[in-house]
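In what follows, a single structure is set out as structure tokens and then discussed.
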Amino acid sequence: MNITVHIDAGYEALPDDLDALTRTLRDELQELDLQSVDLMRAGGAAPAGTKSAEAITLGALAITLLPSVLPKLIECLQAWSLRGQNRTVKIKANVGDRSLELEYAAGTSEAALKSLVDALTTTLVH
């Protein structure tokens, strides 16, 4: 499963702040059992283990994971969004010819979070 995560830290966040937040989130996500987590490049994710002179897309991560890890990813994103003010997370997932885009902000209820996970897994996995 390929997922793109876009984070928004609010209108007052400077580009350097957004870059630092994105890199911190990437480091946290790398501790999960994900296949890959990379900064998004202007033309897409850079291949693993390579360095690229291309500009990154601020606030964007490219993630590849098994569907069974999706709940852990969503929980981690929720915990991350709750640690700061005005943080919003947008998720775009693709499996084959199916895709889904969802957005949630800090303070999203547990029921809404469960609904998000269910929507992603139901739409993309089954």
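If you're wondering about the labels, chains in the structure tokens are A, B, ... by order shown, residues count from 1 in each chain, ligands from 1 in order shown.
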
I need the helix (DSSP H, G or I) residues of chain A per DSSP on the backbone, written as a VMD selection string.
chain A and resid 15 to 29 67 to 82 110 to 125

Written selection (C-alpha atoms) as a PDB file, in the first residue's frame:
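For reference, selection.pdb as written:
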ATOM      1  CA  PRO A  15       8.927  26.780   5.735  1.00  0.00           C
ATOM      2  CA  ASP A  16      11.888  25.828   7.966  1.00  0.00           C
ATOM      3  CA  ASP A  17       9.485  24.903  10.779  1.00  0.00           C
ATOM      4  CA  LEU A  18       7.390  22.747   8.447  1.00  0.00           C
ATOM      5  CA  ASP A  19      10.528  21.050   7.132  1.00  0.00           C
ATOM      6  CA  ALA A  20      11.714  20.304  10.674  1.00  0.00           C
ATOM      7  CA  LEU A  21       8.288  18.936  11.662  1.00  0.00           C
ATOM      8  CA  THR A  22       8.186  16.733   8.561  1.00  0.00           C
ATOM      9  CA  ARG A  23      11.641  15.323   9.266  1.00  0.00           C
ATOM     10  CA  THR A  24      10.775  14.697  12.930  1.00  0.00           C
ATOM     11  CA  LEU A  25       7.598  12.880  11.921  1.00  0.00           C
ATOM     12  CA  ARG A  26       9.550  10.842   9.353  1.00  0.00           C
ATOM     13  CA  ASP A  27      12.019   9.804  12.077  1.00  0.00           C
ATOM     14  CA  GLU A  28       9.156   8.730  14.355  1.00  0.00           C
ATOM     15  CA  LEU A  29       7.446   6.779  11.583  1.00  0.00           C
ATOM     16  CA  PRO A  67      -2.220  -3.018   5.197  1.00  0.00           C
ATOM     17  CA  SER A  68      -1.854  -4.708   8.592  1.00  0.00           C
ATOM     18  CA  VAL A  69       0.368  -1.821   9.767  1.00  0.00           C
ATOM     19  CA  LEU A  70      -2.156   0.869   8.802  1.00  0.00           C
ATOM     20  CA  PRO A  71      -3.797   1.128  12.264  1.00  0.00           C
ATOM     21  CA  LYS A  72      -0.363   1.712  13.874  1.00  0.00           C
ATOM     22  CA  LEU A  73       0.405   4.410  11.312  1.00  0.00           C
ATOM     23  CA  ILE A  74      -2.892   6.201  11.940  1.00  0.00           C
ATOM     24  CA  GLU A  75      -2.391   6.024  15.723  1.00  0.00           C
ATOM     25  CA  CYS A  76       1.105   7.468  15.362  1.00  0.00           C
ATOM     26  CA  LEU A  77      -0.154  10.288  13.125  1.00  0.00           C
ATOM     27  CA  GLN A  78      -2.898  11.083  15.618  1.00  0.00           C
ATOM     28  CA  ALA A  79      -0.451  11.180  18.550  1.00  0.00           C
ATOM     29  CA  TRP A  80       1.870  13.400  16.530  1.00  0.00           C
ATOM     30  CA  SER A  81      -0.919  15.817  15.599  1.00  0.00           C
ATOM     31  CA  LEU A  82      -2.009  16.118  19.232  1.00  0.00           C
ATOM     32  CA  GLU A 110     -11.447   8.041  18.709  1.00  0.00           C
ATOM     33  CA  ALA A 111     -14.655   7.101  16.855  1.00  0.00           C
ATOM     34  CA  ALA A 112     -13.684   9.291  13.909  1.00  0.00           C
ATOM     35  CA  LEU A 113     -10.182   7.823  13.950  1.00  0.00           C
ATOM     36  CA  LYS A 114     -11.571   4.273  13.886  1.00  0.00           C
ATOM     37  CA  SER A 115     -13.824   5.307  11.020  1.00  0.00           C
ATOM     38  CA  LEU A 116     -10.771   6.644   9.174  1.00  0.00           C
ATOM     39  CA  VAL A 117      -8.888   3.367   9.558  1.00  0.00           C
ATOM     40  CA  ASP A 118     -11.964   1.366   8.543  1.00  0.00           C
ATOM     41  CA  ALA A 119     -12.517   3.545   5.458  1.00  0.00           C
ATOM     42  CA  LEU A 120      -8.917   3.176   4.365  1.00  0.00           C
ATOM     43  CA  THR A 121      -8.769  -0.580   4.853  1.00  0.00           C
ATOM     44  CA  THR A 122     -12.222  -1.308   3.461  1.00  0.00           C
ATOM     45  CA  THR A 123     -11.835   0.853   0.389  1.00  0.00           C
ATOM     46  CA  LEU A 124      -8.284  -0.054  -0.467  1.00  0.00           C
ATOM     47  CA  VAL A 125      -7.714  -3.594   0.765  1.00  0.00           C
TER      48      VAL A 125
END

Show me, as an mmCIF file with C-alpha atoms, in the first residue's frame, the residues that have an atom within 6 Å of Val5 of chain A when counting only C-alpha atoms, minus same-chain residues fewer than 4 positions from it.
data_model
loop_
_atom_site.group_PDB
_atom_site.id
_atom_site.type_symbol
_atom_site.label_atom_id
_atom_site.label_comp_id
_atom_site.auth_asym_id
_atom_site.auth_seq_id
_atom_site.Cartn_x
_atom_site.Cartn_y
_atom_site.Cartn_z
ATOM 1 C CA ALA A 60 4.935 15.621 2.517
ATOM 2 C CA LEU A 61 6.017 12.030 3.154
ATOM 3 C CA LYS A 90 -4.023 14.674 5.004
ATOM 4 C CA ILE A 91 -3.678 11.100 3.828
#

Could you check how far atom CA of Asp97 of chain A sits from atom CA of Asp8 of chain A, in Å to one decimal?
27.1 Å

Kindly indicate which residue among A:Leu100, A:Leu58, A:Ala93, A:Val37 lies nearest to Ile7 of chain A, using only C-alpha atoms for the distances.
A:Leu58

Exercise: Leu65 of chain A partners within 9 Å, only C-alpha atoms, chain neighbours under 6 positions left out, as a ChimeraX atom specification
/A:1-3,33-37

Could you give me, as a ChimeraX atom specification, each residue of chain A that DSSP assigns to strand (DSSP E or B) when run on this structure's backbone?
/A:2-8,36-41,44-45,56-64,88-95,98-105

Let's have the selection written as a short mmCIF file (atom, residue, chain, number, x, y, z; two decimals), in the first residue's frame, with N, CA and C atoms.
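Now in result.cif:
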data_model
loop_
_atom_site.label_atom_id
_atom_site.label_comp_id
_atom_site.auth_asym_id
_atom_site.auth_seq_id
_atom_site.Cartn_x
_atom_site.Cartn_y
_atom_site.Cartn_z
N ASN A 2 0.62 2.17 -0.87
CA ASN A 2 1.36 3.43 -0.92
C ASN A 2 0.49 4.55 -0.37
N ILE A 3 1.06 5.31 0.53
CA ILE A 3 0.33 6.39 1.17
C ILE A 3 1.18 7.65 1.10
N THR A 4 0.53 8.76 0.82
CA THR A 4 1.18 10.06 0.91
C THR A 4 0.56 10.79 2.09
N VAL A 5 1.40 11.31 2.96
CA VAL A 5 0.94 12.06 4.12
C VAL A 5 1.41 13.50 3.95
N HIS A 6 0.46 14.42 4.01
CA HIS A 6 0.76 15.85 3.97
C HIS A 6 0.40 16.43 5.33
N ILE A 7 1.34 17.16 5.91
CA ILE A 7 1.06 17.79 7.18
C ILE A 7 0.98 19.30 7.00
N ASP A 8 0.15 19.91 7.82
CA ASP A 8 -0.01 21.35 7.82
C ASP A 8 0.10 21.80 9.26
N SER A 36 8.81 1.61 3.90
CA SER A 36 9.64 2.79 3.64
C SER A 36 8.90 4.06 4.04
N VAL A 37 9.68 5.07 4.43
CA VAL A 37 9.17 6.41 4.73
C VAL A 37 10.19 7.38 4.16
N ASP A 38 9.80 8.16 3.17
CA ASP A 38 10.72 9.08 2.51
C ASP A 38 10.10 10.46 2.39
N LEU A 39 10.96 11.48 2.39
CA LEU A 39 10.49 12.82 2.08
C LEU A 39 10.04 12.82 0.62
N MET A 40 8.95 13.50 0.34
CA MET A 40 8.48 13.60 -1.04
C MET A 40 9.37 14.56 -1.80
N ARG A 41 9.75 14.17 -2.98
CA ARG A 41 10.53 15.02 -3.87
C ARG A 41 9.56 15.67 -4.85
N GLY A 44 8.23 13.11 -6.93
CA GLY A 44 7.86 11.88 -6.23
C GLY A 44 8.92 11.52 -5.22
N ALA A 45 8.82 10.36 -4.60
CA ALA A 45 9.76 9.94 -3.57
C ALA A 45 11.09 9.55 -4.20
N ILE A 56 12.50 19.17 -2.13
CA ILE A 56 11.49 18.35 -1.49
C ILE A 56 10.17 19.11 -1.48
N THR A 57 9.09 18.38 -1.35
CA THR A 57 7.78 18.98 -1.19
C THR A 57 7.57 19.15 0.31
N LEU A 58 7.56 20.39 0.78
CA LEU A 58 7.45 20.65 2.22
C LEU A 58 6.20 20.02 2.79
N GLY A 59 6.37 19.35 3.92
CA GLY A 59 5.23 18.78 4.62
C GLY A 59 4.70 17.49 4.05
N ALA A 60 5.46 16.83 3.16
CA ALA A 60 4.94 15.62 2.52
C ALA A 60 5.88 14.44 2.70
N LEU A 61 5.29 13.28 3.01
CA LEU A 61 6.02 12.03 3.15
C LEU A 61 5.39 10.97 2.26
N ALA A 62 6.24 10.14 1.65
CA ALA A 62 5.78 8.99 0.87
C ALA A 62 6.04 7.75 1.72
N ILE A 63 4.98 6.97 1.93
CA ILE A 63 5.07 5.81 2.81
C ILE A 63 4.59 4.57 2.06
N THR A 64 5.32 3.49 2.23
CA THR A 64 4.91 2.20 1.70
C THR A 64 4.79 1.27 2.90
N THR A 88 -2.69 19.57 11.05
CA THR A 88 -3.65 18.83 10.25
C THR A 88 -2.88 17.80 9.43
N VAL A 89 -3.46 16.61 9.29
CA VAL A 89 -2.84 15.55 8.52
C VAL A 89 -3.79 15.16 7.39
N LYS A 90 -3.26 15.12 6.17
CA LYS A 90 -4.02 14.67 5.00
C LYS A 90 -3.36 13.40 4.52
N ILE A 91 -4.18 12.39 4.27
CA ILE A 91 -3.68 11.10 3.83
C ILE A 91 -4.27 10.77 2.46
N LYS A 92 -3.40 10.41 1.54
CA LYS A 92 -3.85 9.93 0.24
C LYS A 92 -3.26 8.54 0.08
N ALA A 93 -4.12 7.56 -0.12
CA ALA A 93 -3.68 6.17 -0.24
C ALA A 93 -4.04 5.62 -1.60
N ASN A 94 -3.15 4.78 -2.13
CA ASN A 94 -3.36 4.14 -3.42
C ASN A 94 -3.06 2.66 -3.33
N VAL A 95 -3.95 1.86 -3.85
CA VAL A 95 -3.72 0.43 -4.01
C VAL A 95 -4.27 0.06 -5.39
N ARG A 98 -7.31 1.83 -7.16
CA ARG A 98 -8.16 2.48 -6.17
C ARG A 98 -7.38 3.51 -5.36
N SER A 99 -8.03 4.63 -5.03
CA SER A 99 -7.38 5.64 -4.21
C SER A 99 -8.41 6.29 -3.29
N LEU A 100 -7.89 6.88 -2.22
CA LEU A 100 -8.75 7.50 -1.22
C LEU A 100 -7.98 8.65 -0.59
N GLU A 101 -8.64 9.79 -0.37
CA GLU A 101 -8.04 10.92 0.31
C GLU A 101 -8.86 11.25 1.54
N LEU A 102 -8.17 11.42 2.67
CA LEU A 102 -8.83 11.76 3.93
C LEU A 102 -8.02 12.82 4.64
N GLU A 103 -8.69 13.60 5.47
CA GLU A 103 -8.03 14.65 6.25
C GLU A 103 -8.59 14.63 7.66
N TYR A 104 -7.69 14.81 8.62
CA TYR A 104 -8.15 14.98 9.99
C TYR A 104 -7.23 15.94 10.71
N ALA A 105 -7.79 16.61 11.71
CA ALA A 105 -7.05 17.60 12.48
C ALA A 105 -6.88 17.11 13.91
#
